[in-house]
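J.: Pasting a structure below so you can have a look.
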Amino acid sequence: MVPAKLILQEAWATEANWDLPLPDELQSRFSAWYHGLSCISQLKFERRIGYGKRDSWSLHIFCDASKNAYATVIFLRSESSGQVYVKFVAAKSRISPLKKVTIPRLELLACVLGSRLAKYVVTALSLREVPTYYWTDATVALCWIQREENWGVFVNNRVKEIRSLSKKEYWRHIPGKLNPADIASRGCTLQHLSQYGWWEGPEFLKASPEAWPKSEFSPNEELIAAEMKKKIIVDLSVKIEKPEWFERFSSFSKIVRVFCWMIRFVNKLRKNFLMEKENSVHGLQVVRGDDDVLRVKTRIIERDDDLSFLYPILLPSKHYLTECLIREYHLKYCHAGVQILAAKLRLQYWIFSSKRNIRSCVSRCVVCKRFTAKALTTPPIQLPLDRVRTSSGCLTRPIQKLYPLEVSTSGDPVLTLTTENRSRYGRLFKSSKK
Ligand SMILES: [Zn+2]
């Protein structure tokens, strides 16, 4: 059936409509196959496949694949009164998928097909106690089946199925030219099969088991390894920087408290507030106090003010401690804005690029984000037709004195004649509508 299946596959591949005739080449191949079917009537199979005692029986499953198709064939070998009988039991073939599949993978698919068909035959003919031999000339597929490795998804799934249907020790290697499934996988015609005596099985089966081909082969290790499960190597060696001691605390006041405890051990006695040694940092005059804190010597030291305002503590930009301090002030002053925070911080601290740091810190505040979020706006809708239609009415006189008319205040507002000398005003419109 392989030639017919191939013709059908190729016909589909041409994407021709039902009404269009097939290409000449396909037509001639089909007619050749069709005429070849006539010899089916000449084929004769013996209904009996096993002879002698069942102890002498053995089932042989041959698998092979070619570029176009893969196939399997099963023979039953039996012995009776010194004579060996090899009988055809079943065969099955499949054509290769249109998507290109490598030959070793096709060979493995042939092995899957063989395992399934063997399972079916064993169950149908109740041959569970009969020894089973699986033969393939595919060394790569054989290694996949027999080796306990971590194969890729395609191979692993099929090997798993083969092992569930057969034992891996039952699989043997056979040279390609001795493999009867080889002819089936190549798509032979019935005449060829009859000519080769395909139904009679391979000649070596008629010999004693000692003379059968030995499973000695040297596989292509590269092809075998190509189906190993891909290992993704992830470098998990993360460079862990030792965090500063203060990064263990998120609150600025707690950091200060801990720090105070620490320096208490170092320096118990505070002497002079400032040392005379001066340095310059980014154009700022910086002095180091005897408490080892860097302070900025501002230009307003002559002013009579708090020393911490005249000599504010110098803080670096983009530092965890600075961020904590800004956050603390931001919360302390009820989510104050950049200007207020800058002014409040300046009373004690001098932060490099303070505005930018404060803005960045405020912009990350979730509460502020929620309150400053812009409301969704929608484009104005079109006015309805009644509001934009041109009316035929026109104003005749803007305002007219209506006396001596009286406006009724009870019930419907209507105008009534009155003699009282009270003025009423109204507008008169003239409409073309009757
Ligand atoms: Zn905030």
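Here, A, B, ... name the chains of the structure tokens in the order displayed, residue numbers run from 1 inside each chain, and ligands are numbered from 1 in the same displayed order.
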Using backbone DSSP assignments, extract all strand (DSSP E) residues from range 16-259 of chain A; output them as an mmCIF file with C-alpha atoms, in the first residue's frame.
T.:
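Saved as part03.cif:
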```
data_model
loop_
_atom_site.group_PDB
_atom_site.id
_atom_site.type_symbol
_atom_site.label_atom_id
_atom_site.label_comp_id
_atom_site.auth_asym_id
_atom_site.auth_seq_id
_atom_site.Cartn_x
_atom_site.Cartn_y
_atom_site.Cartn_z
ATOM 1 C CA SER A 58 9.057 -17.537 18.362
ATOM 2 C CA LEU A 59 7.718 -14.246 17.071
ATOM 3 C CA HIS A 60 10.007 -11.989 15.017
ATOM 4 C CA ILE A 61 9.193 -8.360 14.463
ATOM 5 C CA PHE A 62 11.247 -6.493 11.873
ATOM 6 C CA CYS A 63 11.230 -2.695 11.671
ATOM 7 C CA ASP A 64 12.743 -0.394 9.094
ATOM 8 C CA ALA A 65 12.343 3.079 7.668
ATOM 9 C CA ALA A 69 7.926 5.451 4.589
ATOM 10 C CA TYR A 70 8.481 3.196 7.554
ATOM 11 C CA ALA A 71 7.207 -0.325 7.961
ATOM 12 C CA THR A 72 7.126 -3.358 10.166
ATOM 13 C CA VAL A 73 6.541 -7.016 9.417
ATOM 14 C CA ILE A 74 5.974 -9.951 11.767
ATOM 15 C CA PHE A 75 6.872 -13.579 11.154
ATOM 16 C CA LEU A 76 6.221 -16.616 13.281
ATOM 17 C CA ARG A 77 9.000 -19.172 13.436
ATOM 18 C CA SER A 78 8.096 -22.677 14.465
ATOM 19 C CA GLU A 79 9.807 -26.067 14.396
ATOM 20 C CA SER A 80 8.211 -29.402 13.786
ATOM 21 C CA GLN A 83 11.878 -28.679 9.997
ATOM 22 C CA VAL A 84 11.695 -24.926 10.503
ATOM 23 C CA TYR A 85 8.633 -22.994 9.325
ATOM 24 C CA VAL A 86 8.639 -19.224 8.995
ATOM 25 C CA LYS A 87 5.215 -17.773 8.273
ATOM 26 C CA PHE A 88 4.068 -14.253 7.567
ATOM 27 C CA VAL A 89 1.720 -13.002 10.277
ATOM 28 C CA ALA A 90 1.160 -9.280 9.789
ATOM 29 C CA ALA A 91 2.682 -6.160 8.302
ATOM 30 C CA LYS A 92 1.993 -2.489 8.535
ATOM 31 C CA SER A 93 3.400 0.584 6.885
ATOM 32 C CA ARG A 94 3.113 4.311 7.256
ATOM 33 C CA ILE A 95 4.360 7.039 4.995
ATOM 34 C CA THR A 132 9.456 -12.302 20.962
ATOM 35 C CA TYR A 133 12.393 -10.839 19.059
ATOM 36 C CA TYR A 134 12.470 -7.308 17.755
ATOM 37 C CA TRP A 135 14.850 -6.650 14.874
ATOM 38 C CA THR A 136 15.973 -3.332 13.466
ATOM 39 C CA TRP A 171 15.638 -5.609 20.726
ATOM 40 C CA ARG A 172 18.394 -6.781 18.396
ATOM 41 C CA HIS A 173 20.385 -5.417 15.536
#
```
J.: If you run DSSP on the backbone, which residues of range 270-352 of chain A are helix (DSSP H, G or I), as an MDAnalysis selection string?
T.: chainID A and resid 307:310 320:332 338:346
J.: Keeping only N, CA and C atoms, write those residues as a JSON list (two decimals), in the first residue's frame.
T.:
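What landed in part-v9.json:
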```json
[["chain", "number", "residue", "atom", "x", "y", "z"],
["A", 307, "LEU", "N", 23.56, 76.03, 65.16],
["A", 307, "LEU", "CA", 24.80, 75.57, 64.53],
["A", 307, "LEU", "C", 24.54, 74.54, 63.43],
["A", 308, "SER", "N", 23.51, 73.70, 63.65],
["A", 308, "SER", "CA", 23.23, 72.69, 62.64],
["A", 308, "SER", "C", 22.71, 73.31, 61.34],
["A", 309, "PHE", "N", 22.18, 74.55, 61.43],
["A", 309, "PHE", "CA", 21.75, 75.24, 60.21],
["A", 309, "PHE", "C", 22.94, 75.91, 59.54],
["A", 310, "LEU", "N", 23.86, 76.41, 60.36],
["A", 310, "LEU", "CA", 25.05, 77.07, 59.82],
["A", 310, "LEU", "C", 26.05, 76.05, 59.28],
["A", 320, "TYR", "N", 21.24, 55.19, 50.22],
["A", 320, "TYR", "CA", 20.10, 54.58, 50.92],
["A", 320, "TYR", "C", 19.70, 55.41, 52.14],
["A", 321, "LEU", "N", 20.73, 55.88, 52.86],
["A", 321, "LEU", "CA", 20.47, 56.65, 54.07],
["A", 321, "LEU", "C", 19.76, 57.96, 53.74],
["A", 322, "THR", "N", 20.21, 58.60, 52.67],
["A", 322, "THR", "CA", 19.58, 59.86, 52.26],
["A", 322, "THR", "C", 18.12, 59.61, 51.87],
["A", 323, "GLU", "N", 17.91, 58.54, 51.14],
["A", 323, "GLU", "CA", 16.54, 58.21, 50.72],
["A", 323, "GLU", "C", 15.63, 58.00, 51.93],
["A", 324, "CYS", "N", 16.17, 57.28, 52.92],
["A", 324, "CYS", "CA", 15.38, 57.03, 54.14],
["A", 324, "CYS", "C", 15.05, 58.33, 54.84],
["A", 325, "LEU", "N", 16.03, 59.22, 54.86],
["A", 325, "LEU", "CA", 15.83, 60.51, 55.53],
["A", 325, "LEU", "C", 14.74, 61.31, 54.82],
["A", 326, "ILE", "N", 14.83, 61.38, 53.50],
["A", 326, "ILE", "CA", 13.82, 62.14, 52.74],
["A", 326, "ILE", "C", 12.44, 61.55, 52.96],
["A", 327, "ARG", "N", 12.37, 60.19, 52.93],
["A", 327, "ARG", "CA", 11.08, 59.53, 53.12],
["A", 327, "ARG", "C", 10.49, 59.85, 54.49],
["A", 328, "GLU", "N", 11.41, 59.85, 55.48],
["A", 328, "GLU", "CA", 10.97, 60.16, 56.85],
["A", 328, "GLU", "C", 10.39, 61.57, 56.94],
["A", 329, "TYR", "N", 11.08, 62.52, 56.34],
["A", 329, "TYR", "CA", 10.59, 63.90, 56.35],
["A", 329, "TYR", "C", 9.29, 64.03, 55.58],
["A", 330, "HIS", "N", 9.21, 63.30, 54.48],
["A", 330, "HIS", "CA", 8.02, 63.36, 53.63],
["A", 330, "HIS", "C", 6.79, 62.90, 54.41],
["A", 331, "LEU", "N", 6.95, 61.85, 55.19],
["A", 331, "LEU", "CA", 5.83, 61.34, 56.00],
["A", 331, "LEU", "C", 5.57, 62.25, 57.19],
["A", 332, "LYS", "N", 6.68, 62.76, 57.77],
["A", 332, "LYS", "CA", 6.56, 63.61, 58.96],
["A", 332, "LYS", "C", 5.76, 64.88, 58.64],
["A", 338, "VAL", "N", 8.10, 69.01, 47.12],
["A", 338, "VAL", "CA", 9.56, 69.12, 46.99],
["A", 338, "VAL", "C", 10.10, 70.38, 47.66],
["A", 339, "GLN", "N", 9.42, 71.50, 47.46],
["A", 339, "GLN", "CA", 9.91, 72.77, 47.99],
["A", 339, "GLN", "C", 9.94, 72.75, 49.53],
["A", 340, "ILE", "N", 8.84, 72.30, 50.11],
["A", 340, "ILE", "CA", 8.77, 72.27, 51.58],
["A", 340, "ILE", "C", 9.82, 71.32, 52.14],
["A", 341, "LEU", "N", 9.94, 70.16, 51.53],
["A", 341, "LEU", "CA", 10.91, 69.17, 52.03],
["A", 341, "LEU", "C", 12.33, 69.71, 51.93],
["A", 342, "ALA", "N", 12.63, 70.36, 50.81],
["A", 342, "ALA", "CA", 13.99, 70.90, 50.63],
["A", 342, "ALA", "C", 14.30, 71.91, 51.72],
["A", 343, "ALA", "N", 13.30, 72.75, 52.03],
["A", 343, "ALA", "CA", 13.51, 73.78, 53.06],
["A", 343, "ALA", "C", 13.67, 73.16, 54.44],
["A", 344, "LYS", "N", 12.84, 72.17, 54.73],
["A", 344, "LYS", "CA", 12.90, 71.53, 56.05],
["A", 344, "LYS", "C", 14.20, 70.75, 56.24],
["A", 345, "LEU", "N", 14.61, 70.08, 55.20],
["A", 345, "LEU", "CA", 15.85, 69.29, 55.30],
["A", 345, "LEU", "C", 17.08, 70.19, 55.42],
["A", 346, "ARG", "N", 16.97, 71.33, 54.76],
["A", 346, "ARG", "CA", 18.13, 72.24, 54.76],
["A", 346, "ARG", "C", 18.44, 72.76, 56.16]]
```
J.: Taking only C-alpha atoms and all ligand atoms into account, produce a table as CSV in which each residue of chain A with an atom at most 6 Å from an atom of ligand 1 appears once, together with its shortest atom pair and the distance in Å to one decimal, ordered by chain and rising number.
T.:
```
residue,atom,partner,partner_atom_place_in_ligand_line,distance
A:His335,CA,ligand 1,1 (Zn),4.0
A:Val362,CA,ligand 1,1 (Zn),5.8
A:Cys365,CA,ligand 1,1 (Zn),4.6
A:Val367,CA,ligand 1,1 (Zn),5.1
A:Cys368,CA,ligand 1,1 (Zn),4.1
```
J.: Measuring atom to atom with only C-alpha atoms, identify which of A:Lys229, A:Pro180, A:Ser41, A:Phe30 is nearest to Glu200 in chain A.
T.: A:Pro180
J.: Using only C-alpha atoms, determine which residues lie at most 9 Å from Trp33 in chain A, disregarding the query and same-chain residues fewer than 5 positions distant; provide the list as a PDB file with C-alpha atoms, in the first residue's frame.
T.:
```pdb
ATOM      1  CA  PRO A   3       3.071   3.377  -3.332  1.00  0.00           C
ATOM      2  CA  ALA A   4      -0.651   4.234  -3.222  1.00  0.00           C
ATOM      3  CA  SER A  28       0.782   7.045 -14.743  1.00  0.00           C
ATOM      4  CA  THR A 189       4.920  -3.557  -5.723  1.00  0.00           C
TER       5      THR A 189
END
```
